[in-house]
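Here the structure comes first, spelled out in structure tokens, and everything after it is commentary.
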Amino acid sequence: MAAFHIRPAVSEDEADVSALLLRSYSALLAEAYDEGTLQKALPLIASARPELLASGTYYVAETDGGKIVGVGGWTRTSPTGRNESVNNGNIRHFGTDPDHIGRGVGRALMDRCLEEATRAGLSELNCYSTLNGERFYKACGFESVEPFDIELPGNCLFASVRMTRPL
């Protein structure tokens with residue numbers, strides 16, 4: 001098993017983060033979403049967001065050899081514009097290389113997010129989980145609140161679950 005470390009993402013990571021998200025989402029979301037939904041959604045969700053890369057609160061899990069095997073972070077603002085307050089934040093754009101599932105990558109990224117969000121004074125985190133990601137977020141202390149369809153460009157509705165976790 002390759003060792004990895006967590007570091008803040010930088011703009012130069014954009015291509016590698018996008019490649020990781022495409023690998024992750026293409027493989028892992030297939031168990032929860034139909035092919036038609038994925039054909040529409042993947043080009044929209046499987047690319048790095050420059051604003052996240054520059055936020056200082058978006059992280060990469062990188063092997064000692066320099067390969068990015070996981071990504072994820074948090075922001076004060078919601079990707080949906082809903083359920084925002086001065087004391088909560090949002091988990092953002094998590095993904096793990098399918099070859100590294102079950103090796104602690106996602107948990108290490110989440111631990112970093114929880115630690116940093118707490119240090120920033122937040123008292124709660126929201127998460128808009130994919131249908132099959134709900135299990136992971138529950139294991140990290142999140143509770144399911146409601147089903148939520150995310151409206152993607154091109155009139156594409158992407159089913160998710162809004163979850164929350166106190167800090």
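By order in the structure tokens, chains are A, B, ...; within a chain, residues start at 1; ligands start at 1, following the order shown.
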Neighbouring residues of Asp34 (chain A) were defined as those with any atom within 12 Å, considering only C-alpha atoms; residues of the same chain fewer than 5 positions away were excluded. Please report them as an MDAnalysis selection string.
chainID A and resid 26 29 39:42 131 158:159
Selection export as a PDB file, in the first residue's frame, atoms kept: C-alpha atoms:
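The resulting part.pdb:
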ATOM      1  CA  SER A  26     -16.937   7.025 -13.716  1.00  0.00           C
ATOM      2  CA  LEU A  29     -21.122   6.299  -9.431  1.00  0.00           C
ATOM      3  CA  GLN A  39     -23.519  10.630 -19.603  1.00  0.00           C
ATOM      4  CA  LYS A  40     -25.059  14.047 -18.907  1.00  0.00           C
ATOM      5  CA  ALA A  41     -23.587  14.617 -15.453  1.00  0.00           C
ATOM      6  CA  LEU A  42     -19.987  13.372 -15.697  1.00  0.00           C
ATOM      7  CA  LEU A 131     -26.481   8.367  -3.535  1.00  0.00           C
ATOM      8  CA  PHE A 158     -28.606  14.862 -10.243  1.00  0.00           C
ATOM      9  CA  ALA A 159     -30.055  13.039  -7.250  1.00  0.00           C
TER      10      ALA A 159
END
So which residues touch region 89-99 of chain A within 6 Å, counting only C-alpha atoms, skipping near sequence neighbours fewer than 3 positions away, as a list in words?
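The neighbour list is Leu21, Ser24, Val69, Gly70, Val71, Gly72, Gly73, Trp74, Thr75, Arg76, Ser78, Leu125, Asn126 and Cys127 of chain A.
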Export of the given selection (N, CA, C and O atoms) as a compact mmCIF listing (two decimals), in the first residue's frame:
# COMPACT_ATOMS: atom_id res chain seq x y z
N LEU A 21 -10.99 12.88 -10.57
CA LEU A 21 -12.45 12.94 -10.43
C LEU A 21 -13.14 12.12 -11.51
O LEU A 21 -14.11 11.41 -11.23
N SER A 24 -12.65 8.42 -10.65
CA SER A 24 -13.43 8.10 -9.47
C SER A 24 -14.92 8.03 -9.79
O SER A 24 -15.58 7.02 -9.53
N VAL A 69 -4.33 10.63 -5.27
CA VAL A 69 -5.23 9.48 -5.12
C VAL A 69 -6.54 9.84 -4.43
O VAL A 69 -7.41 8.98 -4.24
N GLY A 70 -6.70 11.09 -4.04
CA GLY A 70 -7.94 11.54 -3.43
C GLY A 70 -7.98 13.04 -3.36
O GLY A 70 -6.94 13.71 -3.36
N VAL A 71 -9.20 13.58 -3.34
CA VAL A 71 -9.40 15.03 -3.25
C VAL A 71 -10.65 15.30 -2.43
O VAL A 71 -11.55 14.46 -2.32
N GLY A 72 -10.71 16.48 -1.87
CA GLY A 72 -11.90 16.91 -1.14
C GLY A 72 -11.58 18.12 -0.29
O GLY A 72 -10.42 18.36 0.05
N GLY A 73 -12.62 18.85 0.06
CA GLY A 73 -12.40 20.04 0.87
C GLY A 73 -13.69 20.57 1.45
O GLY A 73 -14.71 19.89 1.46
N TRP A 74 -13.64 21.80 1.90
CA TRP A 74 -14.81 22.47 2.47
C TRP A 74 -14.75 23.95 2.13
O TRP A 74 -13.68 24.50 1.86
N THR A 75 -15.91 24.57 2.13
CA THR A 75 -16.01 26.01 1.94
C THR A 75 -17.10 26.55 2.86
O THR A 75 -17.96 25.79 3.33
N ARG A 76 -17.07 27.83 3.09
CA ARG A 76 -18.16 28.46 3.86
C ARG A 76 -19.42 28.57 3.01
O ARG A 76 -20.52 28.54 3.54
N SER A 78 -22.20 27.49 0.09
CA SER A 78 -22.84 26.26 -0.39
C SER A 78 -22.79 26.20 -1.91
O SER A 78 -22.99 27.22 -2.58
N LEU A 125 -21.25 21.30 9.40
CA LEU A 125 -20.96 21.15 7.98
C LEU A 125 -22.15 20.51 7.28
O LEU A 125 -22.76 19.58 7.83
N ASN A 126 -22.49 21.02 6.11
CA ASN A 126 -23.45 20.40 5.21
C ASN A 126 -22.69 19.58 4.18
O ASN A 126 -21.52 19.86 3.89
N CYS A 127 -23.37 18.62 3.60
CA CYS A 127 -22.79 17.82 2.54
C CYS A 127 -23.92 17.43 1.59
O CYS A 127 -24.99 17.04 2.04
Return as a tab-separated table the residues of region 89-128 of chain A lying at most 12 Å from region 7-13 of chain A, together with the closest atom-to-atom pair for each and the distance in Å to one decimal, counting only C-alpha atoms, with rows in chain order and ascending residue number.
residue	atom	partner	partner_atom	distance
A:Ala108	CA	A:Arg7	CA	10.9
A:Leu109	CA	A:Arg7	CA	9.3
A:Arg112	CA	A:Arg7	CA	9.4
A:Cys113	CA	A:Pro8	CA	10.7
A:Glu116	CA	A:Pro8	CA	11.4
Now that the selection is made, can you save its residues with C-alpha atoms as an mmCIF file, in the first residue's frame?
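File written: result34.cif
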data_model
loop_
_atom_site.group_PDB
_atom_site.id
_atom_site.type_symbol
_atom_site.label_atom_id
_atom_site.label_comp_id
_atom_site.auth_asym_id
_atom_site.auth_seq_id
_atom_site.Cartn_x
_atom_site.Cartn_y
_atom_site.Cartn_z
ATOM 1 C CA ALA A 108 -7.866 11.313 6.030
ATOM 2 C CA LEU A 109 -9.242 14.045 3.760
ATOM 3 C CA ARG A 112 -8.440 17.373 7.658
ATOM 4 C CA CYS A 113 -11.679 19.130 6.645
ATOM 5 C CA GLU A 116 -9.744 22.974 9.690
#
Would you write out, as a Markdown table, a table of all residues in region 80-136 of chain A that have an atom no more than 12 Å from an atom of region 144-156 of chain A, listing for each the closest atom pair and the distance in Å to one decimal, considering only C-alpha atoms and ordering rows by chain and rising residue number?
| residue | atom | partner | partner_atom | distance |
| --- | --- | --- | --- | --- |
| A:Thr80 | CA | A:Ile150 | CA | 7.4 |
| A:Gly81 | CA | A:Ile150 | CA | 11.0 |
| A:Arg82 | CA | A:Phe148 | CA | 11.1 |
| A:Asn83 | CA | A:Val145 | CA | 11.5 |
| A:Asn126 | CA | A:Val145 | CA | 9.6 |
| A:Cys127 | CA | A:Ser144 | CA | 9.2 |
| A:Tyr128 | CA | A:Phe148 | CA | 7.7 |
| A:Ser129 | CA | A:Phe148 | CA | 9.1 |
| A:Thr130 | CA | A:Phe148 | CA | 9.8 |
| A:Leu131 | CA | A:Pro147 | CA | 9.1 |
| A:Gly133 | CA | A:Ser144 | CA | 11.3 |
| A:Glu134 | CA | A:Ser144 | CA | 7.8 |
| A:Arg135 | CA | A:Ser144 | CA | 9.9 |
| A:Phe136 | CA | A:Ser144 | CA | 11.6 |
Restricting the calculation to only C-alpha atoms: of A:Asp64, A:Asp16, A:Asp111, A:Glu124, which residue gets closest to Thr164 (chain A)?
A:Glu124
Residues flagged strand (DSSP E or B) by DSSP in region 1-165 of chain A, as JSON, numbers by chain:
{"A": [4, 5, 6, 7, 8, 58, 59, 60, 61, 62, 63, 68, 69, 70, 71, 72, 73, 74, 75, 88, 89, 90, 91, 92, 93, 94, 95, 96, 124, 125, 126, 127, 128, 129, 143, 144, 145, 146, 147, 148, 149, 150, 151, 152, 156, 157, 158, 159, 160, 161, 162, 163, 164, 165]}
Top pick for closest residue to Asn88 (chain A), considering A:Leu122, A:Ala3, A:Ala139, A:Leu22 and counting only C-alpha atoms
A:Leu122
Which value, in Å to one decimal, gives the distance between CA of His100 (chain A) and CA of Gly36 (chain A)?
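Atom-to-atom, CA of His100 (chain A) to CA of Gly36 (chain A), that is 26.6 Å.
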According to DSSP computed on the backbone, where in chain A is there alpha helix (DSSP H)? Give the residues as a PyMOL selection string.
chain A and resi 14-28+35-45+50-53+105-119+134-139
May I ask which of the residues A:Leu44, A:Ser123, A:Leu157, A:Ala27 is the closest one to Ser85 (chain A), counting only C-alpha atoms?
A:Ser123
Length of the CA of Gly104 (chain A) to CA of Gly66 (chain A) vector [Å]
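We find that CA of Gly104 (chain A) and CA of Gly66 (chain A) lie 17.3 Å from each other.
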Atomic separation - CA of Asn87 (chain A) relative to CA of Glu143 (chain A), Å
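Between CA of Glu143 (chain A) and CA of Asn87 (chain A) the gap is 17.6 Å.
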Could you pull the residues within 7 Å of Glu62 (chain A), counting only C-alpha atoms, minus those fewer than 5 positions along the same chain, as a list in words?
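Those residues are Phe4, His5, Ile6, Lys67, Ile68 and Val69 of chain A.
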